[in-house]
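Encoded as structure tokens, the structure appears first; notes follow it.
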Amino acid sequence: MLRSNYLPHVKAWSAVVSRLSGSPDNGPNDAIRLYYSVVKRVRRVSDRALVAHSWPDTAAFNAVLNACANLGDVKMFCQVFDEMPEWNAVPDALTYNVVIKLCARVDRKDLLVCVLEMMLSKGVEPCITTLQSLVAAYVGFGDLGTAEKLVQALREGRRDLCRVLRDANSANHDANEEDGDVFGKLIPKSVIDNSEPPLLSRLYRPNSRIYTTLMKGYMKSGRVSDTVRMLEAMRRQEDSASHPDHVSYTTVISALVKAGSMENARQVLAEMIRLGVPANLFTYNILLKGYCHQLQIDKAKELIREMTDVVGILPDVVTYNTLIDGCILVDDSAGALEYFNEMRARGIAPTKISYTTLMKAFALSGQPKLASKVFDEMLKDSRVKVDQVAWNMLVEGYCKMGLIEEAKSVVERMRENGFHPNVSTYGSLANGIALARKPGEALLLWNEVKERCEPRKEEDSSLPLPPPIKPDEGLLDTLADICVRAAFFRKALEIVACMEENGISPNKTKFTRIYVEMHSRMFTSKHASKARQDRRRERKRASEAFKFWLGLPNEYYATEWSLNPPGKQDDYGSASI
DNA sequence: CTAGGGTTAG
């Protein structure tokens, strides 16, 4: 079989897998597919030793596992992991670092310490980035307390890190057991039963990456002074490996920019320059965003001039995307277009974010036709792939103008192209419907939203059902608002019940005001015909139920509950709050 | 230059 000679060397195919594993869009899936296509061909060769050069090694597995982790696919991860012995590939520190990343992706904070313990018990020595991954994972969970304890323990030269983490974790037992059986084999929780946890085999000094990871935690949670204090502490460190570098400074600048302290942010930049720590494009882009958000476009332009002319850093696509968004913030859609064209003229390729941001400029300024033209350009540009956000922006453009029919036909096209509307799409439609004053459309929309809220059942997955959605406050409040105004009280009650199921408290004050202003004199006409009164009965019942929910005086206060027809009790079901 | 600190769109 000559064919077997055509099997690529593991170094070659795993390099591709590695590159794909972290790339956006379908990269991780392609990575896994590539792995299986090679492995399948190797398995077909009767004497596998002949194609040993193609066997996946530990590095190849790490790349595939990274793809699984990026997808958050625990089942696939365990499946690939279990195939390692077949090829004599032994998990190394990097493999377990990817496991840590997987735990972070799928919300299993409780398993982080188990990974560390398993590494130690299997004799795999953690590397410094293992510890950084752990810090990053805790930071990602918003658990800065544990992240701090971890860093502090490292600083103190402690080797009982597992003990430290177990103690920190003992507070929260609410582990998500759903993946337990899948994870069970990979990371046995039994390791943390009674016995004293293993000790680190050596000491680890925190480096500036670890400190910066913790700083990022402070930054993300808006703790500006802690971020700045961390920088100061790093500067006082004796060992140069923990001194702040350009990323540390940039993180501080990011924290200050987020807090709107542009003056202070500029001072940190000046400090970087003074100390000879090179600011880079990231640093400038962050500052740029700050000026745009402060609506200081002039300052933004000045900064770019300084960056280009003095420092010699050229703007990139992110710079331009930020500037385009900055124009939108000051209602300058023409300026947004100018920057877009300037960018292209300079040979900087627009990304899907560039196109979508430019669409936003036209959508928000009431020019859906122009937004649509940008969308068409995007479709023609082979370098970018139209995604959900772009479709949503197109829908938003029409909804912003109350052009419901156009918006609906875009949603149809969107479906034909394989994208299901999401909460954001529905939010735009709801706003458009409110603007167009077409409450009948709101009923249709609510029916669809209601369908998508239902948890899907495994059995009837014969058809590719759209994924379930978790409606947000904006969407439900808008729908309820429309229904209350249109006196669709039955539907309004359904929607507010849905809000409460999703932990959103409906704005009763607002709905009461709308009810009193618009409907308090409803059903008071004495001149209606008998037939008309009959037709109105159901609506009146709904109205009373809604008043009951609002806490307004209603006929239930004056009437015996038992007077309701027994079979009709359910009518009020959604009102029983 | 793969897991591994800092930027942009709904």
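Each chain of the structure tokens is named A, B, ... in the order shown, its residues numbered from 1; ligands are numbered from 1 in display order.
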
Need the shell around A:Leu444: protein/DNA/RNA residues with any atom at most 12 Å away, counting only C-alpha atoms (C1' of nucleotides). Skip same-chain ones fewer than 3 positions apart. Format as a ChimeraX atom specification? /A:408,426,429-430,433,438-441,447-451,479,483,491

Can you tell me, as a list in words, what residues are no more than 6 Å from stretch 8-10 of chain B when counting only C-alpha atoms (C1' of nucleotides), ignoring any on the same chain fewer than 3 positions away? Val318, Asn321, Thr322, Ile353, Thr356, Thr357 and Val389 of chain A

Separation of atom CA of A:Thr129 from atom CA of A:Arg166 in Å: 20.1 Å

Restricting the calculation to only C-alpha atoms (C1' of nucleotides): of A:Ala486, A:Cys103, A:Leu154, A:Leu287, which residue gets closest to chain B?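 Checking each of A:Ala486, A:Cys103, A:Leu154, A:Leu287 against chain B, counting only C-alpha atoms (C1' of nucleotides), the winner is A:Leu287.
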
Residue neighbourhood B:DG5, 8 Å, only C-alpha atoms (C1' of nucleotides), exclusion window fewer than 6 positions, as a PDB file with N, CA, C and O atoms, in the first residue's frame:
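Okay, out.pdb is ready:
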```
ATOM      1  N   SER A 208       5.778  38.409  36.388  1.00  0.00           N
ATOM      2  CA  SER A 208       4.941  39.572  36.086  1.00  0.00           C
ATOM      3  C   SER A 208       3.664  39.156  35.343  1.00  0.00           C
ATOM      4  O   SER A 208       2.644  39.826  35.449  1.00  0.00           O
ATOM      5  N   ARG A 209       3.707  38.029  34.629  1.00  0.00           N
ATOM      6  CA  ARG A 209       2.478  37.575  33.970  1.00  0.00           C
ATOM      7  C   ARG A 209       1.419  37.203  34.999  1.00  0.00           C
ATOM      8  O   ARG A 209       0.248  37.505  34.831  1.00  0.00           O
ATOM      9  N   ILE A 210       1.865  36.508  36.044  1.00  0.00           N
ATOM     10  CA  ILE A 210       0.905  36.108  37.071  1.00  0.00           C
ATOM     11  C   ILE A 210       0.344  37.340  37.779  1.00  0.00           C
ATOM     12  O   ILE A 210      -0.875  37.459  37.987  1.00  0.00           O
ATOM     13  N   TYR A 211       1.218  38.259  38.107  1.00  0.00           N
ATOM     14  CA  TYR A 211       0.737  39.488  38.753  1.00  0.00           C
ATOM     15  C   TYR A 211      -0.225  40.246  37.832  1.00  0.00           C
ATOM     16  O   TYR A 211      -1.238  40.775  38.264  1.00  0.00           O
ATOM     17  N   THR A 212       0.120  40.275  36.553  1.00  0.00           N
ATOM     18  CA  THR A 212      -0.727  41.017  35.624  1.00  0.00           C
ATOM     19  C   THR A 212      -2.086  40.343  35.455  1.00  0.00           C
ATOM     20  O   THR A 212      -3.104  41.007  35.269  1.00  0.00           O
ATOM     21  N   THR A 213      -2.099  39.010  35.543  1.00  0.00           N
ATOM     22  CA  THR A 213      -3.372  38.303  35.469  1.00  0.00           C
ATOM     23  C   THR A 213      -4.282  38.730  36.623  1.00  0.00           C
ATOM     24  O   THR A 213      -5.476  38.978  36.442  1.00  0.00           O
ATOM     25  N   LYS A 216      -5.579  42.125  36.055  1.00  0.00           N
ATOM     26  CA  LYS A 216      -6.687  42.112  35.115  1.00  0.00           C
ATOM     27  C   LYS A 216      -8.000  41.860  35.851  1.00  0.00           C
ATOM     28  O   LYS A 216      -9.038  42.433  35.518  1.00  0.00           O
ATOM     29  N   VAL A 247       2.762  45.174  29.219  1.00  0.00           N
ATOM     30  CA  VAL A 247       1.392  44.673  29.380  1.00  0.00           C
ATOM     31  C   VAL A 247       0.815  45.109  30.725  1.00  0.00           C
ATOM     32  O   VAL A 247      -0.350  45.499  30.820  1.00  0.00           O
ATOM     33  N   SER A 248       1.656  45.058  31.770  1.00  0.00           N
ATOM     34  CA  SER A 248       1.183  45.497  33.085  1.00  0.00           C
ATOM     35  C   SER A 248       0.729  46.952  33.023  1.00  0.00           C
ATOM     36  O   SER A 248      -0.349  47.306  33.508  1.00  0.00           O
TER      37      SER A 248
END
```

Rank nothing, just name the residue among A:Ala49, A:Met76, A:Leu94, A:Leu329 nearest to B:DG4, using only C-alpha atoms (C1' of nucleotides). A:Leu94

I want to know what sits within 7 Å of B:DT2, based on only C-alpha atoms (C1' of nucleotides), with residues of the same chain fewer than 6 positions away left out; could you give that as number ranges by chain? A: 18-19, 63

Do a neighbour search on A:Val10 at 7 Å with only C-alpha atoms (C1' of nucleotides), toss out local chain neighbours closer than 4 positions, and write the hits as a PyMOL selection string. chain A and resi 14+53-56

Save the residues we just selected, N, CA, C and O atoms, as a short mmCIF file (atom, residue, chain, number, x, y, z; two decimals), in the first residue's frame?
```cif
data_model
loop_
_atom_site.label_atom_id
_atom_site.label_comp_id
_atom_site.auth_asym_id
_atom_site.auth_seq_id
_atom_site.Cartn_x
_atom_site.Cartn_y
_atom_site.Cartn_z
N SER A 14 0.07 18.29 12.96
CA SER A 14 -0.28 18.85 14.26
C SER A 14 -0.06 20.36 14.29
O SER A 14 -0.72 21.08 15.03
N HIS A 53 5.56 7.77 11.83
CA HIS A 53 5.86 9.20 11.72
C HIS A 53 4.57 10.04 11.77
O HIS A 53 4.64 11.24 12.01
N SER A 54 3.42 9.43 11.52
CA SER A 54 2.17 10.17 11.53
C SER A 54 1.43 10.08 12.86
O SER A 54 0.47 10.80 13.07
N TRP A 55 1.87 9.19 13.70
CA TRP A 55 1.17 9.02 14.98
C TRP A 55 1.06 10.33 15.73
O TRP A 55 2.04 11.08 15.81
N PRO A 56 -0.08 10.58 16.30
CA PRO A 56 -0.17 11.78 17.14
C PRO A 56 0.74 11.63 18.36
O PRO A 56 0.77 10.57 18.98
#
```

Can you tell me which residues surround A:Ser382 at a distance of at most 12 Å, considering only C-alpha atoms (C1' of nucleotides), apart from same-chain residues fewer than 5 positions away, and format the answer as a ChimeraX atom specification? /A:349-352,376-377

Could you please take those selected residues and save N, CA and C atoms as a CSV table (one decimal), in the first residue's frame?
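To be explicit, this is the file written out as out20.csv:
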```csv
chain,number,residue,atom,x,y,z
A,349,ALA,N,-7.2,45.9,5.7
A,349,ALA,CA,-8.4,45.2,5.3
A,349,ALA,C,-9.4,45.3,6.4
A,350,PRO,N,-10.6,45.7,6.0
A,350,PRO,CA,-11.7,45.7,7.0
A,350,PRO,C,-12.0,44.3,7.6
A,351,THR,N,-12.4,44.2,8.8
A,351,THR,CA,-12.8,42.9,9.4
A,351,THR,C,-14.3,43.0,9.4
A,352,LYS,N,-14.9,41.9,9.9
A,352,LYS,CA,-16.4,41.8,10.0
A,352,LYS,C,-16.8,42.9,11.1
A,376,ASP,N,-24.2,44.3,1.8
A,376,ASP,CA,-23.9,43.7,0.5
A,376,ASP,C,-22.4,43.7,0.2
A,377,GLU,N,-21.7,44.8,0.5
A,377,GLU,CA,-20.3,44.9,0.4
A,377,GLU,C,-19.6,43.8,1.2
```

Set the distance at 10 Å and use only C-alpha atoms (C1' of nucleotides): which residues neighbour A:Ile273 once local chain neighbours fewer than 6 positions away are removed? I'd like the list as a ChimeraX atom specification. /A:267,279,311

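Closest to chain B among A:Lys220, A:Arg155, A:Arg236, A:Arg452 is A:Lys220, based on only C-alpha atoms (C1' of nucleotides).
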
Among stretch 7-93 of chain A, which residues does DSSP mark as helix (DSSP H, G or I) when it is run on the backbone? Keep the chain and numbering as in the structure and answer as a CSV table (one decimal) with C-alpha atoms, in the first residue's frame.
```csv
chain,number,residue,atom,x,y,z
A,10,VAL,CA,2.9,14.4,12.8
A,11,LYS,CA,4.9,17.6,13.0
A,12,ALA,CA,3.2,18.8,9.8
A,13,TRP,CA,-0.4,18.0,10.6
A,14,SER,CA,-0.3,18.9,14.3
A,15,ALA,CA,1.0,22.3,13.4
A,16,VAL,CA,-2.1,22.8,11.3
A,17,VAL,CA,-4.3,21.5,14.1
A,18,SER,CA,-2.5,23.8,16.5
A,19,ARG,CA,-3.2,26.8,14.4
A,20,LEU,CA,-6.8,25.9,13.8
A,21,SER,CA,-7.5,25.1,17.4
A,27,GLY,CA,-11.3,26.5,13.5
A,28,PRO,CA,-11.6,24.2,16.5
A,29,ASN,CA,-14.1,22.0,14.7
A,30,ASP,CA,-11.8,21.8,11.7
A,31,ALA,CA,-8.9,21.0,14.0
A,32,ILE,CA,-10.8,18.0,15.5
A,33,ARG,CA,-11.9,16.8,12.0
A,34,LEU,CA,-8.3,17.0,10.8
A,35,TYR,CA,-7.1,14.9,13.7
A,36,TYR,CA,-9.7,12.2,13.1
A,37,SER,CA,-9.1,12.1,9.4
A,38,VAL,CA,-5.4,11.4,10.0
A,39,VAL,CA,-6.0,8.9,12.8
A,40,LYS,CA,-8.6,7.1,10.7
A,41,ARG,CA,-6.1,6.7,7.9
A,42,VAL,CA,-3.3,5.5,10.2
A,43,ARG,CA,-5.6,3.0,11.8
A,44,ARG,CA,-6.4,1.5,8.4
A,48,ARG,CA,0.9,0.8,12.1
A,49,ALA,CA,4.6,0.9,12.8
A,50,LEU,CA,5.1,1.7,9.1
A,51,VAL,CA,3.4,5.0,9.6
A,52,ALA,CA,4.7,5.8,13.1
A,53,HIS,CA,5.9,9.2,11.7
A,54,SER,CA,2.2,10.2,11.5
A,58,THR,CA,1.7,14.6,23.0
A,59,ALA,CA,2.0,17.9,21.3
A,60,ALA,CA,-0.5,16.9,18.7
A,61,PHE,CA,-2.9,15.8,21.4
A,62,ASN,CA,-2.4,19.0,23.2
A,63,ALA,CA,-3.5,20.9,20.1
A,64,VAL,CA,-6.6,18.8,19.6
A,65,LEU,CA,-7.5,19.0,23.2
A,66,ASN,CA,-7.1,22.7,23.0
A,67,ALA,CA,-9.6,22.8,20.2
A,68,CYS,CA,-12.0,20.8,22.4
A,69,ALA,CA,-11.4,23.1,25.3
A,70,ASN,CA,-12.1,26.1,23.1
A,71,LEU,CA,-15.4,24.6,22.1
A,74,VAL,CA,-16.3,18.1,27.6
A,75,LYS,CA,-17.4,14.9,25.9
A,76,MET,CA,-15.2,15.3,22.9
A,77,PHE,CA,-12.3,16.3,25.2
A,78,CYS,CA,-12.6,13.1,27.2
A,79,GLN,CA,-12.9,11.0,24.1
A,80,VAL,CA,-9.7,12.5,22.6
A,81,PHE,CA,-8.0,12.3,26.0
A,82,ASP,CA,-8.8,8.6,26.2
A,85,PRO,CA,-2.6,5.6,25.4
A,86,GLU,CA,-3.4,4.0,22.0
A,87,TRP,CA,-0.5,6.1,20.6
A,93,ALA,CA,2.0,19.8,31.9
```

Quick one: distance from atom CA of A:Asn417 to atom CA of A:Pro468 in Å, one decimal?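 Spanning atom CA of A:Asn417 to atom CA of A:Pro468 is a straight-line distance of 18.7 Å.
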